[in-house]
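Asks: My questions will all concern the structure given below.
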Amino acid sequence: MLKEKIQGFSLRSFTAAVIGVGGLGCNIAIHLAGAGIGKLILCDFDKVSESNLNRQFLYTANDIGREKVFASEEKLKNFSPNIDISAYNLKAEKTGIPEEFRKCDIIFLAVDNKEAREVFSDFSKENGIPLMLGGIDGFYGKTYLYIPHKTPCPECAGMLEGKKAETNISAAAGIVGSLQAAVGIQYLLTSDIPLGGKLTVYDKDSFSELYIKPKKQCRICKNLHKKEETR
């Protein structure tokens, strides 16, 4: 009850999934837990390494070698003991997404590989679940909220490109991951469509916003493109 009194809203009726509990995912998960999300689903198949510790603050040197989902689950339960957490130590594959993910009100995608982005982009569309995407490279980052059947898809927004960052800056991960969480929480509370379809770009010390239009040749956004043409 204290969380609701302090922040002026409650997230206890919502379920959110965080795919990838790395630099972005740690920030997203801690903000969702802090805001009192009712159910939090974590998914990752990686283990904690020393190279993660500069930006993935849910882990310490004592966690090196542990599966990230179980280490982060433990920390988040201590941080916010009243939320329900499920942890899945698995790789994103189209035929292997657990049934529990279909109950999500929103999915946060915080991975850097193209396969996982494509899998969850399709899963989001097929199940009508909003997808909050993000990515960073050095002091550059971007976020995009996809709302199935209502906004252009992640491919149209250029968010399916997957490559490992050349440099990983803790502050950039904090900014972009926190922005993903903030926009996602705001969407849960308002279901505000203008929040979707907007690509936000962070570049060193500035932000810019681009409103994405559906591409004519896109396999997912054909109907949206037709609506744009008739306006």
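The chains in the structure tokens are called A, B, ... from first to last as shown; in each chain the residues are counted from 1, and the ligands are counted from 1 in the order shown.
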Go through stretch 21-72 of chain A and collect every residue that DSSP, computed from the backbone, puts in strand (DSSP E); the answer should be as a list of chain:residue names.
Replies: A:Lys39, A:Leu40, A:Ile41, A:Leu42, A:Cys43
Asks: Could the residues in this selection be saved with N, CA, C and O atoms as an mmCIF file, in the first residue's frame?
Replies:
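Heads up, here's the output in again_8.cif:
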```
data_model
loop_
_atom_site.group_PDB
_atom_site.id
_atom_site.type_symbol
_atom_site.label_atom_id
_atom_site.label_comp_id
_atom_site.auth_asym_id
_atom_site.auth_seq_id
_atom_site.Cartn_x
_atom_site.Cartn_y
_atom_site.Cartn_z
ATOM 1 N N LYS A 39 2.940 -8.951 -11.341
ATOM 2 C CA LYS A 39 3.638 -10.165 -11.764
ATOM 3 C C LYS A 39 4.769 -9.780 -12.699
ATOM 4 O O LYS A 39 4.570 -9.026 -13.655
ATOM 5 N N LEU A 40 5.972 -10.285 -12.423
ATOM 6 C CA LEU A 40 7.141 -9.993 -13.249
ATOM 7 C C LEU A 40 7.729 -11.310 -13.742
ATOM 8 O O LEU A 40 8.058 -12.197 -12.948
ATOM 9 N N ILE A 41 7.853 -11.427 -15.073
ATOM 10 C CA ILE A 41 8.435 -12.622 -15.687
ATOM 11 C C ILE A 41 9.804 -12.251 -16.240
ATOM 12 O O ILE A 41 9.928 -11.301 -17.022
ATOM 13 N N LEU A 42 10.826 -12.990 -15.851
ATOM 14 C CA LEU A 42 12.189 -12.749 -16.313
ATOM 15 C C LEU A 42 12.620 -13.874 -17.238
ATOM 16 O O LEU A 42 12.337 -15.052 -16.964
ATOM 17 N N CYS A 43 13.330 -13.520 -18.305
ATOM 18 C CA CYS A 43 13.784 -14.531 -19.252
ATOM 19 C C CYS A 43 15.188 -14.199 -19.741
ATOM 20 O O CYS A 43 15.430 -13.089 -20.237
#
```
Asks: Sorted by chain and rising residue number, which residues of stretch 127-167 of chain A lie within 12 Å of stretch 47-56 of chain A, and what are their closest atom pairs and distances in Å to one decimal, counting only C-alpha atoms, as CSV?
Replies:
```
residue,atom,partner,partner_atom,distance
A:Ile136,CA,A:Arg55,CA,11.9
A:Gly138,CA,A:Arg55,CA,11.8
A:Thr167,CA,A:Ser51,CA,11.2
```
Asks: If you run DSSP on the backbone here, which positions in stretch 118-202 of chain A get helix (DSSP H, G or I)? Please write them as a VMD selection string.
Replies: chain A and resid 118 to 127 170 to 190 193 to 195
Asks: Excluding stretch 172-187 of chain A and residues on its chain fewer than 4 positions from it, collect all residues at most 6 Å away from it, counting only C-alpha atoms, and give them as a ChimeraX atom specification.
Replies: /A:23-24,27-28,139,191-192
Asks: For the residues selected in the previous step, produce a file with N, CA and C atoms as a compact mmCIF listing (two decimals), in the first residue's frame.
Replies:
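So the final result, stored in again11.txt, reads:
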```txt
# COMPACT_ATOMS: atom_id res chain seq x y z
N GLY A 23 22.19 -5.17 -19.30
CA GLY A 23 22.30 -3.75 -18.98
C GLY A 23 20.96 -3.03 -18.98
N LEU A 24 20.17 -3.23 -20.04
CA LEU A 24 18.85 -2.61 -20.11
C LEU A 24 17.87 -3.32 -19.18
N ASN A 27 17.81 -2.49 -15.44
CA ASN A 27 17.15 -1.22 -15.17
C ASN A 27 15.64 -1.33 -15.29
N ILE A 28 15.18 -1.99 -16.33
CA ILE A 28 13.74 -2.15 -16.52
C ILE A 28 13.13 -2.91 -15.34
N PHE A 139 27.42 5.61 -26.24
CA PHE A 139 26.55 6.68 -25.74
C PHE A 139 25.35 6.92 -26.64
N SER A 191 -3.05 3.27 -21.47
CA SER A 191 -3.29 2.66 -22.80
C SER A 191 -3.30 3.73 -23.88
N ASP A 192 -2.39 4.68 -23.75
CA ASP A 192 -2.34 5.84 -24.65
C ASP A 192 -1.62 5.47 -25.95
```
Asks: Which residues come within 9 Å of A:Tyr140, counting only C-alpha atoms, excluding same-chain residues fewer than 4 positions away, as a list in words?
Replies: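 In the requested form, the answer reads Gly135, Ile136, Ala172, Val201, Tyr202, Asp203 and Lys204 of chain A.
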Asks: Those selected residues, please, written with N, CA and C atoms and delivered as a compact mmCIF listing (two decimals), in the first residue's frame.
Replies:
```txt
# COMPACT_ATOMS: atom_id res chain seq x y z
N GLY A 135 17.68 -0.54 -27.29
CA GLY A 135 19.02 -0.98 -27.64
C GLY A 135 20.02 0.14 -27.39
N ILE A 136 21.26 -0.23 -27.09
CA ILE A 136 22.31 0.77 -26.88
C ILE A 136 23.60 0.36 -27.57
N ALA A 172 24.51 4.98 -20.18
CA ALA A 172 23.60 4.87 -21.33
C ALA A 172 22.57 3.77 -21.10
N VAL A 201 15.37 8.50 -29.79
CA VAL A 201 16.81 8.28 -29.97
C VAL A 201 17.58 9.11 -28.96
N TYR A 202 18.47 8.45 -28.24
CA TYR A 202 19.36 9.12 -27.29
C TYR A 202 20.76 9.12 -27.89
N ASP A 203 21.35 10.29 -28.03
CA ASP A 203 22.69 10.38 -28.64
C ASP A 203 23.55 11.33 -27.81
N LYS A 204 24.39 10.75 -26.97
CA LYS A 204 25.33 11.46 -26.09
C LYS A 204 24.63 12.35 -25.07
```
Asks: If you count only C-alpha atoms, which residues fall within 7 Å of stretch 106-119 of chain A, apart from same-chain ones fewer than 4 positions away, as a list in words?
Replies: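 Result of the neighbour search: Ala16, Ala17, Val18, Ile19, Gly20, Leu24, Gly25, Ala92, Glu93, Lys94, Phe123, Ile129, Pro130, Leu131, Met132, Leu133, Gly134, Gly135, Leu160, Glu161, Gly162, Lys163 and Lys164 of chain A.
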Asks: Calculated over only C-alpha atoms, which of the candidates A:Leu145, A:Met159, A:Val21, A:Ile37 has the smallest distance to A:Pro81?
Replies: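 Comparing A:Leu145, A:Met159, A:Val21, A:Ile37 against A:Pro81, the winner is A:Ile37.
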Asks: Per residue of stretch 113-200 of chain A within 10 Å of stretch 210-220 of chain A, what are the shortest atom pair and its distance in Å to one decimal, counting only C-alpha atoms, with rows by chain and residue number, as a tab-separated table?
Replies:
```
residue	atom	partner	partner_atom	distance
A:Ser121	CA	A:Ile220	CA	9.9
A:Asp122	CA	A:Ile220	CA	8.8
A:Lys125	CA	A:Ile220	CA	8.3
A:Tyr144	CA	A:Ile212	CA	9.6
A:Pro148	CA	A:Ile220	CA	9.3
A:His149	CA	A:Ile220	CA	8.6
A:Thr151	CA	A:Pro214	CA	7.9
A:Pro152	CA	A:Pro214	CA	4.9
A:Cys153	CA	A:Ile220	CA	6.8
A:Pro154	CA	A:Ile220	CA	9.6
A:Glu155	CA	A:Cys218	CA	8.0
A:Cys156	CA	A:Pro214	CA	6.0
A:Ala157	CA	A:Ile212	CA	6.1
A:Gly158	CA	A:Ile212	CA	9.5
A:Pro194	CA	A:Tyr211	CA	9.5
A:Gly196	CA	A:Tyr211	CA	8.9
A:Gly197	CA	A:Ile212	CA	5.7
A:Lys198	CA	A:Tyr211	CA	4.6
A:Leu199	CA	A:Leu210	CA	5.0
A:Thr200	CA	A:Leu210	CA	6.5
```
Asks: Write the residues of the preceding selection, restricted to C-alpha atoms, as a JSON list (two decimals), in the first residue's frame.
Replies:
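This is the output file out_21.json:
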```
[["chain", "number", "residue", "atom", "x", "y", "z"],
["A", 121, "SER", "CA", 8.04, -9.22, -32.49],
["A", 122, "ASP", "CA", 6.03, -12.04, -34.09],
["A", 125, "LYS", "CA", 1.70, -9.41, -32.99],
["A", 144, "TYR", "CA", 10.27, 2.00, -29.45],
["A", 148, "PRO", "CA", 0.06, -4.65, -32.39],
["A", 149, "HIS", "CA", -2.40, -3.71, -35.14],
["A", 151, "THR", "CA", 1.31, 1.16, -34.67],
["A", 152, "PRO", "CA", 4.05, 0.30, -37.22],
["A", 153, "CYS", "CA", 5.93, -2.87, -36.33],
["A", 154, "PRO", "CA", 9.50, -3.07, -34.96],
["A", 155, "GLU", "CA", 10.84, -3.92, -38.42],
["A", 156, "CYS", "CA", 9.42, -0.69, -39.87],
["A", 157, "ALA", "CA", 11.06, 1.16, -36.97],
["A", 158, "GLY", "CA", 14.44, -0.45, -37.63],
["A", 194, "PRO", "CA", 0.30, 8.17, -29.08],
["A", 196, "GLY", "CA", 3.34, 3.91, -29.41],
["A", 197, "GLY", "CA", 4.83, 4.31, -32.87],
["A", 198, "LYS", "CA", 7.38, 6.81, -31.57],
["A", 199, "LEU", "CA", 11.09, 6.07, -31.96],
["A", 200, "THR", "CA", 13.09, 7.88, -29.30]]
```
Asks: Need the shell around A:Asn82: protein/DNA/RNA residues with any atom at most 9 Å away, counting only C-alpha atoms. Skip same-chain ones fewer than 5 positions apart. Format as a short mmCIF file (atom, residue, chain, number, x, y, z; two decimals) with N, CA and C atoms, in the first residue's frame?
Replies:
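Listed below is the output, selection.cif:
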```
data_model
loop_
_atom_site.label_atom_id
_atom_site.label_comp_id
_atom_site.auth_asym_id
_atom_site.auth_seq_id
_atom_site.Cartn_x
_atom_site.Cartn_y
_atom_site.Cartn_z
N GLY A 36 5.99 -1.73 -8.04
CA GLY A 36 4.99 -2.67 -7.52
C GLY A 36 4.21 -3.42 -8.57
N GLY A 38 2.45 -6.29 -10.43
CA GLY A 38 1.86 -7.45 -9.78
C GLY A 38 2.61 -8.74 -10.06
N LYS A 77 13.43 -10.03 -5.48
CA LYS A 77 12.54 -10.46 -4.39
C LYS A 77 12.93 -9.79 -3.08
#
```
Asks: Please provide the set of residues having any atom within 9 Å of A:Gly34, restricted to only C-alpha atoms, with same-chain residues fewer than 4 positions apart removed, written as a ChimeraX atom specification.
Replies: /A:3,29-30,76,79-80
Asks: One number please: atom CA of A:Leu2 to atom CA of A:Phe57, in Å, one decimal.
Replies: 24.9 Å
Asks: If you measure from atom CA of A:Ile83 to atom CA of A:Ala33, what distance in Å do you get, rounded to one decimal?
Replies: 7.0 Å
Asks: What is the atom CA of A:Ile193-atom CA of A:Lys150 distance in Å, reported with one decimal?
Replies: 7.7 Å
